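Asks: This is the content of model_38.cif (mmCIF, C-alpha atoms):
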```cif
data_coords
#
loop_
_atom_site.label_atom_id
_atom_site.label_comp_id
_atom_site.auth_asym_id
_atom_site.auth_seq_id
_atom_site.Cartn_x
_atom_site.Cartn_y
_atom_site.Cartn_z
CA MET W 1 76.39 57.01 23.46
CA LEU W 2 75.77 60.27 25.36
CA ARG W 3 79.52 60.77 25.62
CA ALA W 4 79.87 60.46 21.85
CA TYR W 5 77.10 63.00 21.37
CA LEU W 6 78.71 65.43 23.84
CA ALA W 7 82.01 65.15 21.95
CA VAL W 8 80.25 65.97 18.68
CA ALA W 9 78.36 68.89 20.23
CA PHE W 10 81.41 70.33 21.98
CA LEU W 11 83.63 70.24 18.88
CA ALA W 12 80.99 71.86 16.67
CA ARG W 13 80.28 74.57 19.22
CA LEU W 14 83.99 75.11 19.88
CA ALA W 15 84.35 76.18 16.25
CA GLU W 16 81.32 78.45 16.48
CA GLU W 17 82.59 80.24 19.59
CA GLY W 18 86.18 80.49 18.37
CA MET W 19 85.16 81.77 14.94
CA ALA W 20 83.55 84.85 16.48
CA VAL W 21 87.02 85.83 17.73
CA THR W 22 89.28 84.70 14.90
CA VAL W 23 87.28 86.32 12.10
CA VAL W 24 87.70 89.76 13.69
CA LEU W 25 91.38 89.15 14.44
CA LEU W 26 91.91 87.86 10.91
CA ALA W 27 90.33 90.95 9.37
CA ALA W 28 92.53 93.22 11.47
CA GLU W 29 95.61 91.14 10.62
CA ARG W 30 95.10 91.22 6.85
CA THR W 31 93.32 94.54 6.27
CA GLY W 32 94.30 96.65 9.25
CA SER W 33 90.67 97.03 10.28
CA PRO W 34 88.19 94.64 11.96
CA ALA W 35 85.30 96.03 9.86
CA SER W 36 85.25 93.26 7.25
CA GLY W 37 85.32 90.70 10.09
CA ALA W 38 82.27 92.32 11.66
CA PHE W 39 80.46 92.14 8.30
CA ALA W 40 81.37 88.46 8.00
CA LEU W 41 79.97 87.79 11.48
CA THR W 42 76.74 89.54 10.55
CA ALA W 43 76.48 87.40 7.40
CA TRP W 44 77.15 84.34 9.56
CA MET W 45 74.36 85.09 12.02
CA ALA W 46 71.74 86.48 9.63
CA PRO W 47 70.61 83.17 8.01
CA HIS W 48 70.00 81.40 11.32
CA VAL W 49 66.38 82.45 11.79
CA LEU W 50 65.50 81.85 8.12
CA ALA W 51 67.27 78.50 7.90
CA ALA W 52 65.94 77.20 11.23
CA PRO W 53 62.48 76.00 10.01
CA LEU W 54 63.99 74.32 6.93
CA THR W 55 66.75 72.68 8.97
CA GLY W 56 64.28 71.42 11.54
CA GLY W 57 61.91 70.13 8.86
CA LEU W 58 64.68 68.26 7.08
CA ALA W 59 66.04 66.82 10.32
CA ALA W 60 62.59 65.47 11.19
CA ARG W 61 62.06 63.78 7.82
CA VAL W 62 65.41 62.55 6.48
CA ARG W 63 65.71 58.79 6.09
CA ARG W 64 69.39 58.85 7.08
CA PRO W 65 69.77 61.31 9.95
CA ARG W 66 73.43 60.43 10.54
CA ALA W 67 74.28 61.39 6.96
CA PHE W 68 72.25 64.59 7.32
CA TYR W 69 74.03 65.76 10.47
CA SER W 70 77.43 64.71 9.15
CA ALA W 71 76.87 66.61 5.89
CA ALA W 72 75.72 69.73 7.75
CA LEU W 73 78.80 69.66 9.99
CA CYS W 74 81.07 69.17 6.97
CA GLY W 75 79.39 72.16 5.31
CA TYR W 76 79.96 74.14 8.49
CA ALA W 77 83.65 73.21 8.47
CA ALA W 78 84.03 74.03 4.76
CA SER W 79 82.45 77.45 5.27
CA LEU W 80 84.80 78.24 8.16
CA ALA W 81 87.79 77.21 6.08
CA ALA W 82 86.59 79.28 3.12
CA VAL W 83 86.21 82.39 5.27
CA ALA W 84 89.68 81.79 6.73
CA VAL W 85 91.21 81.60 3.25
CA LEU W 86 89.20 84.36 1.55
CA LEU W 87 88.90 87.09 4.18
CA GLY W 88 91.17 89.99 3.27
CA ARG W 89 92.24 88.33 0.03
CA ALA W 90 89.03 88.09 -2.01
CA PRO W 91 86.15 90.49 -2.68
CA VAL W 92 84.06 91.13 0.39
CA ALA W 93 80.93 89.84 -1.38
CA LEU W 94 82.53 86.42 -1.84
CA VAL W 95 83.51 86.30 1.84
CA LEU W 96 79.94 87.19 2.84
CA VAL W 97 78.53 84.40 0.66
CA ALA W 98 80.89 81.88 2.29
CA ALA W 99 79.93 83.12 5.76
CA ALA W 100 76.21 83.01 4.96
CA ALA W 101 76.58 79.40 3.79
CA GLY W 102 78.03 78.50 7.18
CA GLY W 103 75.27 80.43 8.92
CA ALA W 104 72.69 78.36 7.05
CA CYS W 105 74.21 75.27 8.71
CA GLY W 106 74.25 77.02 12.09
CA PRO W 107 70.84 75.78 13.33
CA VAL W 108 72.16 72.22 13.16
CA VAL W 109 75.04 73.10 15.49
CA SER W 110 72.81 74.78 18.04
CA GLY W 111 69.21 73.58 18.21
CA GLY W 112 69.51 70.67 15.80
CA LEU W 113 72.05 68.77 17.86
CA SER W 114 70.24 69.50 21.12
CA SER W 115 67.04 68.00 19.69
CA LEU W 116 68.80 64.61 19.63
CA VAL W 117 69.33 64.44 23.39
CA ALA W 118 65.79 63.32 24.20
CA GLY W 119 66.37 60.20 22.10
CA LEU W 120 69.62 59.42 23.92
CA ALA W 121 68.42 59.64 27.53
CA PRO W 122 65.40 58.20 29.36
CA GLU W 123 62.69 60.47 30.72
CA GLY W 124 63.05 61.77 34.25
CA PRO W 125 66.24 62.75 36.11
CA GLY W 126 68.39 61.05 33.47
CA ARG W 127 67.09 63.36 30.77
CA THR W 128 67.49 66.43 32.98
CA ARG W 129 71.11 65.43 33.59
CA ALA W 130 71.65 64.88 29.85
CA TYR W 131 70.33 68.33 29.02
CA ALA W 132 72.44 69.86 31.77
CA LEU W 133 75.51 68.23 30.19
CA ASP W 134 74.42 69.49 26.78
CA ALA W 135 74.13 72.99 28.22
CA ALA W 136 77.58 72.52 29.73
CA SER W 137 78.93 71.74 26.23
CA TYR W 138 77.75 75.17 25.10
CA ASN W 139 79.37 76.85 28.09
CA ALA W 140 82.60 74.85 27.83
CA ALA W 141 82.86 75.81 24.17
CA SER W 142 82.29 79.47 25.03
CA VAL W 143 85.29 79.26 27.38
CA ALA W 144 87.57 77.13 25.22
CA GLY W 145 86.73 78.60 21.80
CA PRO W 146 88.01 82.15 22.40
CA ALA W 147 90.95 80.76 24.42
CA VAL W 148 92.05 78.47 21.57
CA ALA W 149 91.57 81.30 19.09
CA GLY W 150 93.65 83.70 21.17
CA VAL W 151 96.47 81.26 21.89
CA LEU W 152 96.80 80.09 18.27
CA THR W 153 96.61 83.63 16.94
CA GLY W 154 99.39 84.72 19.27
CA ALA W 155 101.54 81.68 18.56
CA VAL W 156 101.04 81.45 14.79
CA SER W 157 98.46 83.68 13.10
CA ALA W 158 94.73 84.37 12.99
CA GLY W 159 94.54 82.53 9.67
CA ALA W 160 96.09 79.41 11.16
CA ALA W 161 93.77 79.64 14.16
CA SER W 162 90.75 79.84 11.85
CA LEU W 163 91.84 76.79 9.87
CA VAL W 164 92.46 74.75 13.02
CA LEU W 165 89.00 75.67 14.32
CA ALA W 166 87.53 74.65 10.97
CA CYS W 167 88.86 71.14 11.61
CA ALA W 168 86.73 70.79 14.77
CA PRO W 169 83.32 70.38 13.06
CA ALA W 170 84.94 68.09 10.48
CA VAL W 171 86.06 65.80 13.31
CA ALA W 172 82.60 66.13 14.85
CA ALA W 173 81.10 64.96 11.55
CA ALA W 174 83.25 61.82 11.68
CA LEU W 175 82.23 61.17 15.31
CA THR W 176 78.53 61.15 14.43
CA ALA W 177 79.13 57.52 13.42
CA ALA W 178 79.25 56.69 17.15
CA VAL W 179 75.94 58.43 17.94
CA PRO W 180 72.88 56.15 17.58
CA LEU W 181 70.38 58.02 15.40
CA VAL W 182 67.10 56.59 14.16
CA ALA W 183 65.12 57.93 11.21
CA ALA W 184 61.68 59.29 11.96
CA GLY W 185 60.22 56.82 9.47
CA ARG W 186 57.94 59.27 7.71
CA ALA W 187 56.72 59.28 4.11
CA THR W 188 59.00 57.26 1.88
CA ASP W 189 57.47 58.35 -1.43
CA PRO W 190 59.30 61.47 -2.76
CA PRO W 191 56.15 63.50 -3.53
CA GLU W 192 54.83 62.70 -0.05
CA ARG W 193 58.12 63.73 1.52
CA ALA W 194 58.11 67.01 -0.43
CA ALA W 195 54.55 67.79 0.65
CA GLY W 196 55.36 66.81 4.23
CA LEU W 197 58.44 69.03 4.25
CA ARG W 198 56.39 72.00 3.12
CA ALA W 199 54.03 71.35 6.02
CA ASP W 200 56.97 71.00 8.43
CA LEU W 201 58.21 74.48 7.50
CA THR W 202 55.17 75.89 9.27
CA SER W 203 54.47 73.17 11.85
CA GLY W 204 57.47 74.13 13.99
CA LEU W 205 56.51 77.81 14.06
CA ALA W 206 52.91 76.82 14.82
CA ALA W 207 54.06 74.57 17.66
CA VAL W 208 56.20 77.28 19.22
CA TRP W 209 53.39 79.82 19.00
CA ARG W 210 50.41 77.66 19.98
CA THR W 211 52.00 75.71 22.84
CA ARG W 212 51.88 77.97 25.86
CA GLU W 213 55.03 76.63 27.52
CA LEU W 214 57.07 76.87 24.31
CA ARG W 215 55.76 80.34 23.47
CA ALA W 216 56.57 81.61 26.94
CA ILE W 217 60.13 80.29 27.18
CA THR W 218 60.90 81.43 23.63
CA MET W 219 59.67 84.96 24.24
CA VAL W 220 61.45 85.49 27.55
CA THR W 221 64.76 83.96 26.44
CA CYS W 222 64.71 86.10 23.28
CA LEU W 223 64.08 89.17 25.43
CA ALA W 224 67.01 88.25 27.68
CA PHE W 225 69.20 87.53 24.65
CA VAL W 226 68.74 91.05 23.35
CA GLY W 227 70.76 91.92 26.43
CA VAL W 228 73.17 89.00 26.10
CA GLY W 229 73.98 90.11 22.55
CA GLY W 230 75.34 93.38 23.89
CA LEU W 231 77.15 91.89 26.86
CA THR W 232 80.54 91.46 25.16
CA THR W 233 80.71 95.09 24.05
CA THR W 234 79.40 96.29 27.40
CA ALA W 235 81.95 94.18 29.29
CA ALA W 236 84.78 95.75 27.28
CA LEU W 237 83.46 99.26 28.00
CA LEU W 238 82.94 98.50 31.69
CA ALA W 239 86.43 97.05 32.08
CA ARG W 240 87.90 100.18 30.50
CA ALA W 241 85.84 102.35 32.83
CA ARG W 242 87.25 100.41 35.80
CA GLY W 243 90.83 100.92 34.66
CA HIS W 244 91.46 97.70 32.69
CA GLU W 245 91.74 98.43 28.98
CA GLU W 246 91.93 94.76 27.96
CA GLY W 247 89.67 93.41 30.69
CA GLY W 248 86.57 92.78 28.57
CA GLY W 249 87.76 89.33 27.60
CA VAL W 250 88.45 88.53 31.25
CA LEU W 251 84.91 89.46 32.22
CA MET W 252 83.32 87.39 29.45
CA THR W 253 85.52 84.43 30.35
CA ALA W 254 84.46 84.83 33.97
CA PHE W 255 80.80 84.79 32.91
CA ALA W 256 81.32 81.69 30.76
CA VAL W 257 83.18 79.85 33.53
CA GLY W 258 80.37 80.64 35.96
CA ALA W 259 77.76 79.40 33.46
CA LEU W 260 79.72 76.19 32.96
CA ALA W 261 79.84 75.64 36.72
CA GLY W 262 76.10 76.25 36.98
CA SER W 263 75.30 73.74 34.23
CA LEU W 264 77.60 71.10 35.73
CA ALA W 265 76.05 71.62 39.16
CA VAL W 266 72.60 70.83 37.73
CA ALA W 267 74.03 67.80 35.90
CA ARG W 268 75.65 66.44 39.04
CA ARG W 269 73.12 67.27 41.74
CA GLY W 270 69.94 67.73 39.75
CA THR W 271 67.22 70.10 40.93
CA ARG W 272 63.95 69.72 42.78
CA LEU W 273 62.47 72.71 40.96
CA SER W 274 60.41 72.43 37.81
CA ALA W 275 61.98 73.60 34.57
CA GLU W 276 59.61 76.59 34.55
CA ARG W 277 60.58 77.62 38.07
CA THR W 278 64.28 77.12 37.32
CA ALA W 279 64.08 79.32 34.20
CA GLY W 280 62.27 82.15 36.00
CA LEU W 281 64.59 82.18 38.99
CA SER W 282 67.66 81.97 36.77
CA LEU W 283 66.56 85.02 34.75
CA LEU W 284 65.78 87.00 37.89
CA ALA W 285 69.02 86.12 39.68
CA THR W 286 71.16 86.81 36.60
CA GLY W 287 69.58 90.24 36.19
CA ALA W 288 70.08 91.09 39.86
CA VAL W 289 73.76 90.13 39.84
CA LEU W 290 74.44 91.98 36.56
CA ALA W 291 72.90 95.07 38.14
CA ALA W 292 75.27 94.64 41.08
CA ALA W 293 78.18 94.32 38.62
CA ALA W 294 77.21 97.64 37.02
CA LEU W 295 77.45 99.35 40.40
CA ALA W 296 80.62 97.58 41.60
CA PRO W 297 83.40 100.16 42.19
CA SER W 298 86.41 97.99 41.30
CA PHE W 299 87.38 95.65 38.47
CA THR W 300 87.89 92.79 40.95
CA LEU W 301 84.34 93.09 42.28
CA VAL W 302 83.01 93.35 38.74
CA THR W 303 84.82 90.11 37.85
CA VAL W 304 83.38 88.32 40.88
CA ALA W 305 79.92 89.57 39.93
CA PHE W 306 80.33 88.30 36.34
CA VAL W 307 81.31 84.85 37.62
CA THR W 308 78.25 84.85 39.89
CA ALA W 309 75.99 86.07 37.08
CA GLY W 310 77.22 83.23 34.88
CA LEU W 311 76.58 80.76 37.71
CA MET W 312 73.00 82.00 37.94
CA ASP W 313 72.59 81.91 34.15
CA GLY W 314 73.90 78.34 33.76
CA PRO W 315 70.65 76.52 34.73
CA LEU W 316 68.60 78.63 32.29
CA LEU W 317 69.81 76.81 29.19
CA THR W 318 69.23 73.41 30.83
CA ALA W 319 65.67 74.42 31.69
CA THR W 320 65.09 75.82 28.19
CA LEU W 321 66.25 72.63 26.51
CA ARG W 322 64.14 70.50 28.83
CA LEU W 323 61.02 72.59 28.18
CA ARG W 324 61.47 72.30 24.42
CA ALA W 325 61.86 68.52 24.68
CA ASP W 326 58.92 68.04 27.04
CA HIS W 327 56.38 70.25 25.27
CA ALA W 328 57.22 69.90 21.57
CA PRO W 329 54.21 68.25 19.86
CA PRO W 330 54.92 64.83 18.31
CA GLY W 331 57.10 65.07 15.22
CA THR W 332 58.10 68.71 15.74
CA ARG W 333 61.00 68.43 18.19
CA PRO W 334 63.79 69.23 15.65
CA GLN W 335 61.83 72.22 14.35
CA VAL W 336 61.12 73.51 17.85
CA PHE W 337 64.78 73.30 18.81
CA THR W 338 66.16 74.89 15.66
CA ILE W 339 63.57 77.67 15.59
CA GLY W 340 64.12 78.47 19.26
CA ALA W 341 67.88 78.64 18.79
CA GLY W 342 67.55 80.70 15.59
CA LEU W 343 65.29 83.25 17.24
CA LYS W 344 67.68 83.62 20.19
CA ILE W 345 70.65 84.20 17.90
CA THR W 346 68.66 86.79 15.96
CA ALA W 347 67.72 88.51 19.21
CA ALA W 348 71.38 88.54 20.24
CA ALA W 349 72.36 90.07 16.89
CA ALA W 350 69.77 92.80 17.42
CA GLY W 351 71.12 93.40 20.92
CA ALA W 352 74.67 93.70 19.61
CA ALA W 353 73.55 96.27 17.06
CA LEU W 354 71.62 98.27 19.66
CA THR W 355 74.58 98.25 22.03
CA GLY W 356 76.88 99.42 19.26
CA ALA W 357 74.53 102.31 18.52
CA ALA W 358 74.40 103.23 22.23
CA ALA W 359 78.11 102.72 22.91
CA GLY W 360 78.49 106.41 23.79
CA LEU W 361 76.45 105.92 26.97
CA PRO W 362 78.15 105.08 30.29
CA ALA W 363 79.07 101.38 30.51
CA ALA W 364 77.24 101.03 33.83
CA ALA W 365 74.04 102.32 32.24
CA LEU W 366 74.34 99.79 29.42
CA LEU W 367 74.85 96.93 31.87
CA LEU W 368 71.89 98.09 33.96
CA ALA W 369 69.79 97.99 30.79
CA ILE W 370 70.92 94.41 30.13
CA ALA W 371 70.09 93.51 33.73
CA ALA W 372 66.67 95.14 33.36
CA LEU W 373 65.91 93.00 30.30
CA HIS W 374 66.63 89.85 32.34
CA VAL W 375 64.45 91.01 35.23
CA ALA W 376 61.67 92.01 32.84
CA ALA W 377 61.85 88.56 31.24
CA ALA W 378 61.62 86.91 34.67
CA LEU W 379 58.55 88.99 35.60
CA LEU W 380 56.90 88.41 32.23
CA TYR W 381 57.41 84.64 32.29
CA PRO W 382 54.70 83.66 34.83
CA VAL W 383 52.26 85.96 33.05
CA LEU W 384 52.88 84.19 29.74
CA LEU W 385 52.56 80.79 31.41
CA ARG W 386 49.14 81.64 32.83
CA PRO W 387 46.37 79.76 31.00
CA ALA W 388 43.93 81.92 29.07
CA ALA W 389 40.53 82.30 30.70
CA SER W 390 37.86 80.02 29.27
CA PRO W 391 35.17 81.94 27.34
CA ARG W 392 32.46 79.98 29.18
CA VAL W 393 33.95 80.91 32.56
CA THR W 394 34.29 84.54 31.52
CA ALA W 395 30.65 84.70 30.38
CA ALA W 396 29.47 83.13 33.63
CA SER W 397 31.40 85.66 35.69
CA HIS W 398 29.75 88.52 33.75
CA SER W 399 26.30 87.05 34.38
CA VAL W 400 26.98 86.92 38.10
CA GLN W 401 28.07 90.53 38.09
#
```
If you took the structure in this file and wrote it as structure tokens, what would it be?
Replies:
Amino acid sequence: MLRAYLAVAFLARLAEEGMAVTVVLLAAERTGSPASGAFALTAWMAPHVLAAPLTGGLAARVRRPRAFYSAALCGYAASLAAVAVLLGRAPVALVLVAAAAGGACGPVVSGGLSSLVAGLAPEGPGRTRAYALDAASYNAASVAGPAVAGVLTGAVSAGAASLVLACAPAVAAALTAAVPLVAAGRATDPPERAAGLRADLTSGLAAVWRTRELRAITMVTCLAFVGVGGLTTTAALLARARGHEEGGGVLMTAFAVGALAGSLAVARRGTRLSAERTAGLSLLATGAVLAAAALAPSFTLVTVAFVTAGLMDGPLLTATLRLRADHAPPGTRPQVFTIGAGLKITAAAAGAALTGAAAGLPAAALLLAIAALHVAAALLYPVLLRPAASPRVTAASHSVQ
């Protein structure tokens, strides 16, 4: 049953990763400029953080979870297909509406699917391995998605590539029939369900904020993802500065391959470290290696550094998923997962915008800034994990003084 889930997750995420490439190529192919593709991507990402609480609340309460996930994946596929057909041929506003509809389904593809893993694997090493494999599905999709998009665009067209990628979540929707999903069994009376859903819209946010472990991992991963959001642009600028005009894609592929290897290593060998320790060390090591990449004098050394940085980054997602599963209060796991994923995507969008605004700076300086965000997140993490001092203890200490 875990294999069926991984197939569903990989196909859905393959489309998500490939779409980021094809929509820009499609805009350039049909309009001569990638600008409308960039606007479509923005419209795609923008709804994630707003839709995340609603998606999580619905996922926690629906009586037929298989139908819910299948419908969301079909909506995702339909939106991709609509953007592929409309971009460059219809008014931009209509394209943006189609992209935003797909973005509203996005939290299901990211956090929503990952929230199911805890119900498919037993607690202990088996669950850690399952989350490592789930993290690997993200990384594998980030390698395969752009590759499929590039190959199909070169062989046929960007439009054809977009339509083929749109088929992936449709197939994933069909495969959900093989994934054992059980309804949460909450309120069966419609008014009760409506009232409960309204409460769920805030319960996930409250859980993320009030639970120390969830608050800490969410804050530090969002901080790191401000940097990750600008990594693609920075990689392209750094490759050009090292004499390789088209080397940005190579560097990002190298990073993704390294991250995939890191996730698979955790899945195969496990880890003796706690999820908190793994997350902190992963952030620190990734930042250190990215800093080394910024200072590397040749494109070859930069590529090696990007592979190594990805390898260090790979365990972070596994640890993040495990922390969400372990510390989500009862009944809030889908909300916690979707909200966490939505906030990270929003942070990445902000990072991409900041990097675009600062694109005139030296590429090495931009990469050092991204590295600094990772190191800052690693140093902040143990501070955020520290329990707050008890008022009684604090008062006693003052009386002694």
Asks: Can you measure atom CA of Thr355 of chain W to atom CA of Leu231 of chain W for me? One decimal in Å is fine.
Replies: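 Distance reported for this atom pair: 8.4 Å.
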Asks: Go through W:Leu368, W:Ala28, W:Ala40, W:Ala319 one by one, measure the shortest atom-to-atom distance of each to Ala93 of chain W using only C-alpha atoms, and give the residue with the smallest value.
Replies: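 That would be W:Ala40, the residue with the smallest distance to Ala93 of chain W.
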Asks: When you count all atoms listed in the file, which of these residues is closest to Leu58 of chain W: W:Gly280, W:Gly249, W:Pro334, W:Pro382?
Replies: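 For Leu58 of chain W, the nearest of the candidates is W:Pro334.
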Asks: In Å, with one decimal, what is the gap from atom CA of Gly227 of chain W to atom CA of Ala353 of chain W?
Replies: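 A separation of 10.7 Å between them.
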Asks: Compile the contact shell of segment 101-112 of chain W as a PyMOL selection string: residues with an atom at most 7 Å away, counting only C-alpha atoms, same-chain residues fewer than 6 positions apart removed.
Replies: chain W and resi 12-13+44-45+47-48+51-52+55-56+72+75-76+79-80+334+337-338+341-342
Asks: Please produce a file of those selected residues containing C-alpha atoms, as a PDB file, in the coordinates of the input.
Replies:
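Written out: selection-v6.pdb:
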```pdb
ATOM      1  CA  ALA W  12      80.990  71.860  16.670  1.00  0.00           C
ATOM      2  CA  ARG W  13      80.280  74.570  19.220  1.00  0.00           C
ATOM      3  CA  TRP W  44      77.150  84.340   9.560  1.00  0.00           C
ATOM      4  CA  MET W  45      74.360  85.090  12.020  1.00  0.00           C
ATOM      5  CA  PRO W  47      70.610  83.170   8.010  1.00  0.00           C
ATOM      6  CA  HIS W  48      70.000  81.400  11.320  1.00  0.00           C
ATOM      7  CA  ALA W  51      67.270  78.500   7.900  1.00  0.00           C
ATOM      8  CA  ALA W  52      65.940  77.200  11.230  1.00  0.00           C
ATOM      9  CA  THR W  55      66.750  72.680   8.970  1.00  0.00           C
ATOM     10  CA  GLY W  56      64.280  71.420  11.540  1.00  0.00           C
ATOM     11  CA  ALA W  72      75.720  69.730   7.750  1.00  0.00           C
ATOM     12  CA  GLY W  75      79.390  72.160   5.310  1.00  0.00           C
ATOM     13  CA  TYR W  76      79.960  74.140   8.490  1.00  0.00           C
ATOM     14  CA  SER W  79      82.450  77.450   5.270  1.00  0.00           C
ATOM     15  CA  LEU W  80      84.800  78.240   8.160  1.00  0.00           C
ATOM     16  CA  PRO W 334      63.790  69.230  15.650  1.00  0.00           C
ATOM     17  CA  PHE W 337      64.780  73.300  18.810  1.00  0.00           C
ATOM     18  CA  THR W 338      66.160  74.890  15.660  1.00  0.00           C
ATOM     19  CA  ALA W 341      67.880  78.640  18.790  1.00  0.00           C
ATOM     20  CA  GLY W 342      67.550  80.700  15.590  1.00  0.00           C
TER      21      GLY W 342
END
```
Asks: Can you give me, as a ChimeraX atom specification, the residues this file yields under the PyMOL selection byres ((chain W and resi 310) around 12)?
Replies: /W:136,139,142-143,228,231,251-263,282-283,285-290,293,303-309,311-317
Asks: Using C-alpha atoms, can you write the selected residues to a file as a compact mmCIF listing (two decimals), in the frame of the given file?
Replies:
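selection_8.txt written:
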```
# COMPACT_ATOMS: atom_id res chain seq x y z
CA ALA W 136 77.58 72.52 29.73
CA ASN W 139 79.37 76.85 28.09
CA SER W 142 82.29 79.47 25.03
CA VAL W 143 85.29 79.26 27.38
CA VAL W 228 73.17 89.00 26.10
CA LEU W 231 77.15 91.89 26.86
CA LEU W 251 84.91 89.46 32.22
CA MET W 252 83.32 87.39 29.45
CA THR W 253 85.52 84.43 30.35
CA ALA W 254 84.46 84.83 33.97
CA PHE W 255 80.80 84.79 32.91
CA ALA W 256 81.32 81.69 30.76
CA VAL W 257 83.18 79.85 33.53
CA GLY W 258 80.37 80.64 35.96
CA ALA W 259 77.76 79.40 33.46
CA LEU W 260 79.72 76.19 32.96
CA ALA W 261 79.84 75.64 36.72
CA GLY W 262 76.10 76.25 36.98
CA SER W 263 75.30 73.74 34.23
CA SER W 282 67.66 81.97 36.77
CA LEU W 283 66.56 85.02 34.75
CA ALA W 285 69.02 86.12 39.68
CA THR W 286 71.16 86.81 36.60
CA GLY W 287 69.58 90.24 36.19
CA ALA W 288 70.08 91.09 39.86
CA VAL W 289 73.76 90.13 39.84
CA LEU W 290 74.44 91.98 36.56
CA ALA W 293 78.18 94.32 38.62
CA THR W 303 84.82 90.11 37.85
CA VAL W 304 83.38 88.32 40.88
CA ALA W 305 79.92 89.57 39.93
CA PHE W 306 80.33 88.30 36.34
CA VAL W 307 81.31 84.85 37.62
CA THR W 308 78.25 84.85 39.89
CA ALA W 309 75.99 86.07 37.08
CA LEU W 311 76.58 80.76 37.71
CA MET W 312 73.00 82.00 37.94
CA ASP W 313 72.59 81.91 34.15
CA GLY W 314 73.90 78.34 33.76
CA PRO W 315 70.65 76.52 34.73
CA LEU W 316 68.60 78.63 32.29
CA LEU W 317 69.81 76.81 29.19
```
Asks: Written as a PyMOL selection string, what is the full residue list that the PyMOL selection byres ((chain W and resi 130) around 8) yields on the file shown?
Replies: chain W and resi 2+117+121+126-129+131-134+267
Asks: Out of W:His244, W:Arg269, W:Arg212, W:Arg66, which residue has the shortest atom-to-atom distance to Ala174 of chain W when counting all atoms listed in the file?
Replies: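 Of the candidates, the smallest distance to Ala174 of chain W is held by W:Arg66.
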Asks: Could you tell me how far atom CA of Val208 of chain W sits from atom CA of Cys222 of chain W, in Å to one decimal place?
Replies: 12.9 Å
Asks: Tell me, as a PDB file with C-alpha atoms, keeping the file's coordinate frame, which residues lie within 10 Å of Ser162 of chain W, counting only C-alpha atoms; anything in the same chain fewer than 3 positions away does not count.
Replies:
```pdb
ATOM      1  CA  ALA W  15      84.350  76.180  16.250  1.00  0.00           C
ATOM      2  CA  GLY W  18      86.180  80.490  18.370  1.00  0.00           C
ATOM      3  CA  MET W  19      85.160  81.770  14.940  1.00  0.00           C
ATOM      4  CA  ALA W  20      83.550  84.850  16.480  1.00  0.00           C
ATOM      5  CA  VAL W  21      87.020  85.830  17.730  1.00  0.00           C
ATOM      6  CA  THR W  22      89.280  84.700  14.900  1.00  0.00           C
ATOM      7  CA  VAL W  23      87.280  86.320  12.100  1.00  0.00           C
ATOM      8  CA  LEU W  25      91.380  89.150  14.440  1.00  0.00           C
ATOM      9  CA  LEU W  26      91.910  87.860  10.910  1.00  0.00           C
ATOM     10  CA  LEU W  80      84.800  78.240   8.160  1.00  0.00           C
ATOM     11  CA  ALA W  81      87.790  77.210   6.080  1.00  0.00           C
ATOM     12  CA  ALA W  82      86.590  79.280   3.120  1.00  0.00           C
ATOM     13  CA  VAL W  83      86.210  82.390   5.270  1.00  0.00           C
ATOM     14  CA  ALA W  84      89.680  81.790   6.730  1.00  0.00           C
ATOM     15  CA  VAL W  85      91.210  81.600   3.250  1.00  0.00           C
ATOM     16  CA  VAL W 148      92.050  78.470  21.570  1.00  0.00           C
ATOM     17  CA  ALA W 149      91.570  81.300  19.090  1.00  0.00           C
ATOM     18  CA  LEU W 152      96.800  80.090  18.270  1.00  0.00           C
ATOM     19  CA  THR W 153      96.610  83.630  16.940  1.00  0.00           C
ATOM     20  CA  SER W 157      98.460  83.680  13.100  1.00  0.00           C
ATOM     21  CA  ALA W 158      94.730  84.370  12.990  1.00  0.00           C
ATOM     22  CA  GLY W 159      94.540  82.530   9.670  1.00  0.00           C
ATOM     23  CA  LEU W 165      89.000  75.670  14.320  1.00  0.00           C
ATOM     24  CA  ALA W 166      87.530  74.650  10.970  1.00  0.00           C
ATOM     25  CA  CYS W 167      88.860  71.140  11.610  1.00  0.00           C
TER      26      CYS W 167
END
```
Asks: For the file shown, what are the residues hit by the PyMOL selection byres ((chain W and resi 209) around 12), laid out as a ChimeraX atom specification?
Replies: /W:202-208,210-219,327-329,336,339-340,384
Asks: For Val171 of chain W, which residue among W:Leu11, W:Ala60, W:Ala364, W:Leu238 is the nearest when counting only C-alpha atoms?
Replies: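 So, comparing all the options, the nearest one is W:Leu11.
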Asks: Assuming 8 Å of padding per side, give the centre and edge lengths of the axis-aligned box around every listed atom of segment 125-138 of chain W, in Å to one decimal and as AutoDock Vina command-line options.
Replies:
```
--center_x 72.6 --center_y 68.1 --center_z 30.6 --size_x 28.7 --size_y 30.1 --size_z 27.0
```
Asks: For Pro146 of chain W, which residue out of W:Ile345, W:Ala118, W:Ala67, W:Leu14 is the nearest one, using all atoms listed in the file?
Replies: W:Leu14
Asks: Can you tell me which residues surround Ala365 of chain W at a distance of at most 10 Å, considering all atoms listed in the file, apart from same-chain residues fewer than 4 positions away, and format the answer as JSON, numbers by chain?
Replies: {"W": [234, 238, 291, 294, 295, 361, 369, 370, 371]}
Asks: From the list W:Thr332, W:Pro297, W:Val97, W:Ala376, which residue is nearest Leu54 of chain W when using all atoms listed in the file?
Replies: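 Closest residue, counting all atoms listed in the file: W:Thr332.
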Asks: Need to verify the contact set: Ala359 of chain W, 10 Å, only C-alpha atoms, exclusion of same-chain residues closer than 3 positions in sequence. Can you return it as a ChimeraX atom specification?
Replies: /W:230,233-234,237,353-356,362-363,366
